[in-house]
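Everything below belongs to my_file_39.cif, which stores mmCIF, C-alpha atoms.
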```cif
data_model
#
loop_
_atom_site.group_PDB
_atom_site.id
_atom_site.type_symbol
_atom_site.label_atom_id
_atom_site.label_comp_id
_atom_site.auth_asym_id
_atom_site.auth_seq_id
_atom_site.Cartn_x
_atom_site.Cartn_y
_atom_site.Cartn_z
ATOM 1 C CA MET Y 1 11.293 14.052 8.657
ATOM 2 C CA ASN Y 2 8.158 15.683 9.982
ATOM 3 C CA THR Y 3 6.203 12.455 10.435
ATOM 4 C CA SER Y 4 7.272 10.140 13.230
ATOM 5 C CA VAL Y 5 7.545 6.580 11.940
ATOM 6 C CA ALA Y 6 6.824 5.233 15.433
ATOM 7 C CA GLY Y 7 3.742 7.437 15.745
ATOM 8 C CA LEU Y 8 2.512 6.388 12.330
ATOM 9 C CA ASN Y 9 3.074 2.706 13.173
ATOM 10 C CA ASP Y 10 1.038 3.200 16.364
ATOM 11 C CA GLU Y 11 -1.731 4.790 14.307
ATOM 12 C CA VAL Y 12 -1.635 1.881 11.857
ATOM 13 C CA ALA Y 13 -1.871 -0.660 14.688
ATOM 14 C CA SER Y 14 -4.779 1.244 16.268
ATOM 15 C CA GLN Y 15 -6.899 0.633 13.166
ATOM 16 C CA THR Y 16 -7.810 -2.776 14.608
ATOM 17 C CA THR Y 17 -9.554 -1.145 17.577
ATOM 18 C CA ARG Y 18 -10.850 1.999 15.854
ATOM 19 C CA ILE Y 19 -12.618 0.094 13.070
ATOM 20 C CA PRO Y 20 -12.759 -3.531 14.244
ATOM 21 C CA SER Y 21 -15.366 -4.568 11.677
ATOM 22 C CA MET Y 22 -12.906 -3.731 8.912
ATOM 23 C CA TYR Y 23 -9.484 -4.241 10.501
ATOM 24 C CA GLY Y 24 -10.095 -6.370 13.595
ATOM 25 C CA ARG Y 25 -8.571 -9.484 12.047
ATOM 26 C CA VAL Y 26 -5.706 -7.771 10.224
ATOM 27 C CA ASP Y 27 -2.221 -8.402 11.565
ATOM 28 C CA PHE Y 28 -0.427 -5.162 10.772
ATOM 29 C CA SER Y 29 2.894 -6.659 11.833
ATOM 30 C CA ILE Y 30 2.939 -8.735 8.639
ATOM 31 C CA THR Y 31 4.459 -6.932 5.685
ATOM 32 C CA PRO Y 32 2.297 -7.245 2.567
ATOM 33 C CA GLU Y 33 3.812 -9.064 -0.410
ATOM 34 C CA ARG Y 34 3.471 -5.946 -2.564
ATOM 35 C CA PHE Y 35 6.054 -4.168 -0.394
ATOM 36 C CA THR Y 36 9.673 -5.098 -0.995
ATOM 37 C CA VAL Y 37 13.076 -3.651 -0.291
ATOM 38 C CA GLU Y 38 14.912 -6.316 -2.259
ATOM 39 C CA PRO Y 39 17.179 -4.457 -4.696
ATOM 40 C CA ASP Y 40 16.602 -6.950 -7.520
ATOM 41 C CA ALA Y 41 12.846 -7.351 -7.085
ATOM 42 C CA GLN Y 42 10.794 -6.696 -10.180
ATOM 43 C CA THR Y 43 8.683 -3.574 -9.664
ATOM 44 C CA GLU Y 44 6.396 -1.283 -11.592
ATOM 45 C CA LEU Y 45 8.493 1.775 -10.898
ATOM 46 C CA THR Y 46 8.819 4.214 -13.740
ATOM 47 C CA PRO Y 47 12.318 4.524 -15.211
ATOM 48 C CA GLU Y 48 12.763 7.832 -13.405
ATOM 49 C CA TYR Y 49 12.396 6.128 -10.018
ATOM 50 C CA SER Y 50 13.873 2.746 -10.883
ATOM 51 C CA GLN Y 51 17.193 4.448 -11.607
ATOM 52 C CA ARG Y 52 17.041 6.059 -8.149
ATOM 53 C CA ARG Y 53 15.927 2.864 -6.408
ATOM 54 C CA PRO Y 54 19.292 2.049 -4.772
ATOM 55 C CA GLU Y 55 19.508 5.592 -3.415
ATOM 56 C CA LEU Y 56 15.921 5.495 -2.135
ATOM 57 C CA LEU Y 57 16.326 2.066 -0.525
ATOM 58 C CA ALA Y 58 19.472 3.262 1.248
ATOM 59 C CA ASP Y 59 17.383 5.746 3.255
ATOM 60 C CA ALA Y 60 16.130 3.439 6.044
ATOM 61 C CA GLU Y 61 13.909 6.083 7.638
ATOM 62 C CA LEU Y 62 12.222 6.869 4.319
ATOM 63 C CA VAL Y 63 11.678 3.160 3.644
ATOM 64 C CA ALA Y 64 10.157 2.716 7.128
ATOM 65 C CA LEU Y 65 7.854 5.672 6.531
ATOM 66 C CA ILE Y 66 6.743 4.354 3.139
ATOM 67 C CA LYS Y 67 6.105 0.921 4.667
ATOM 68 C CA ALA Y 68 3.997 2.468 7.440
ATOM 69 C CA TYR Y 69 1.941 4.460 4.933
ATOM 70 C CA THR Y 70 1.486 1.284 2.883
ATOM 71 C CA MET Y 71 -0.312 -0.206 5.895
ATOM 72 C CA HIS Y 72 -2.333 2.917 6.718
ATOM 73 C CA GLY Y 73 -5.938 3.086 5.624
ATOM 74 C CA ASP Y 74 -8.128 6.137 5.183
ATOM 75 C CA PRO Y 75 -9.647 6.605 8.661
ATOM 76 C CA VAL Y 76 -12.645 8.667 7.534
ATOM 77 C CA ALA Y 77 -13.485 6.674 4.412
ATOM 78 C CA ASP Y 78 -12.918 3.345 6.180
ATOM 79 C CA ALA Y 79 -15.157 4.285 9.113
ATOM 80 C CA TYR Y 80 -17.807 5.363 6.618
ATOM 81 C CA ALA Y 81 -17.482 2.148 4.589
ATOM 82 C CA ALA Y 82 -17.702 0.077 7.784
ATOM 83 C CA LEU Y 83 -21.265 1.400 8.247
ATOM 84 C CA ILE Y 84 -22.477 -0.019 4.918
ATOM 85 C CA PRO Y 85 -23.530 -3.448 6.258
ATOM 86 C CA GLN Y 86 -25.565 -1.794 9.020
ATOM 87 C CA HIS Y 87 -27.185 1.066 7.085
ATOM 88 C CA GLY Y 88 -26.789 0.255 3.377
ATOM 89 C CA PHE Y 89 -24.816 2.091 0.730
ATOM 90 C CA HIS Y 90 -27.531 4.368 -0.652
ATOM 91 C CA PRO Y 91 -28.802 5.582 2.757
ATOM 92 C CA LEU Y 92 -25.212 6.409 3.750
ATOM 93 C CA VAL Y 93 -24.669 8.337 0.509
ATOM 94 C CA THR Y 94 -27.869 10.263 1.225
ATOM 95 C CA MET Y 95 -26.667 11.042 4.762
ATOM 96 C CA LEU Y 96 -23.288 12.142 3.427
ATOM 97 C CA LYS Y 97 -24.921 14.468 0.886
ATOM 98 C CA GLU Y 98 -27.115 15.934 3.626
ATOM 99 C CA ALA Y 99 -24.120 16.415 5.919
ATOM 100 C CA CYS Y 100 -22.164 18.127 3.137
ATOM 101 C CA ASP Y 101 -25.085 20.380 2.233
ATOM 102 C CA HIS Y 102 -26.439 21.156 5.705
ATOM 103 C CA GLY Y 103 -23.865 20.038 8.279
ATOM 104 C CA LEU Y 104 -24.349 17.173 10.715
ATOM 105 C CA GLU Y 105 -27.320 18.913 12.301
ATOM 106 C CA GLY Y 106 -29.126 18.487 8.976
ATOM 107 C CA VAL Y 107 -28.831 14.706 9.083
ATOM 108 C CA PRO Y 108 -31.671 13.530 11.335
ATOM 109 C CA SER Y 109 -31.094 9.877 10.461
ATOM 110 C CA ALA Y 110 -27.329 9.914 11.130
ATOM 111 C CA PRO Y 111 -26.362 7.138 13.531
ATOM 112 C CA GLU Y 112 -25.023 8.423 16.859
ATOM 113 C CA GLY Y 113 -21.281 8.977 16.646
ATOM 114 C CA SER Y 114 -21.083 7.941 12.999
ATOM 115 C CA PHE Y 115 -19.332 11.006 11.725
ATOM 116 C CA GLY Y 116 -17.204 12.121 14.600
#
```
Exercise: express the given structure as structure tokens:
Amino acid sequence: MNTSVAGLNDEVASQTTRIPSMYGRVDFSITPERFTVEPDAQTELTPEYSQRRPELLADAELVALIKAYTMHGDPVADAYAALIPQHGFHPLVTMLKEACDHGLEGVPSAPEGSFG
């Protein structure tokens, strides 16, 4: 596999320090209830995948990778959303539009370090 499970798990754990307002109290060592490797667990898998479930669950590295991605947020979107309490939704949308249209230099009201 191209993605290191250990590296991805480190990235997941670092979310608590990178975006503490959103993830500071999350214990990423706890597996969410929605994630299961129990062969008989009821799931919402389509028939195509439910038939392959035993084969997929037998691949421990794949299961570990899927579990890590289950815990991984969207670093850019989450950092952006974490600014909403401080700056408000509509001002942030305006800043985002300005940044998309004119680059960061075109956003005079952008908070220092908000987008980088």
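Within 10 Å of segment 46-60 of chain Y there are Thr36, Val37, Glu38, Pro39, Asp40 and Ile66 of chain Y, counting only C-alpha atoms and ignoring same-chain residues fewer than 6 positions away.
Against the coordinates shown, the PyMOL selection byres ((chain Y and resi 80-87) around 9) returns Ile19, Pro20, Ser21, Met22, Pro75, Val76, Ala77, Asp78, Ala79, Gly88, Phe89, His90, Pro91, Leu92, Pro111, Ser114 and Phe115 of chain Y.
Note that the spacing between atom CA of Gly7 of chain Y and atom CA of Tyr69 of chain Y amounts to 11.4 Å.
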(message) Since I can't run it myself right now, could you work out what the PyMOL selection byres ((chain Y and resi 15) around 10) selects here and report it as a PyMOL selection string?
(response) chain Y and resi 10-14+16-20+22-24+26+28+71-75+78-79
(request) Could you check which of Y:Leu65, Y:Cys100, Y:Ala41, Y:Val93 is closest to Thr3 of chain Y, using all atoms listed in the file? (result) Y:Leu65
(request) Record the distance separating atom CA of Arg25 of chain Y and atom CA of Leu62 of chain Y, expressed in Å with one decimal. (result) 27.6 Å
For segment 31-46 of chain Y, what centre and edge lengths in Å (one decimal) does the axis-aligned box get once 3 Å is added on each side of all its listed atoms, as AutoDock Vina command-line options?
```
--center_x 9.7 --center_y -2.4 --center_z -4.0 --size_x 20.9 --size_y 19.3 --size_z 25.4
```
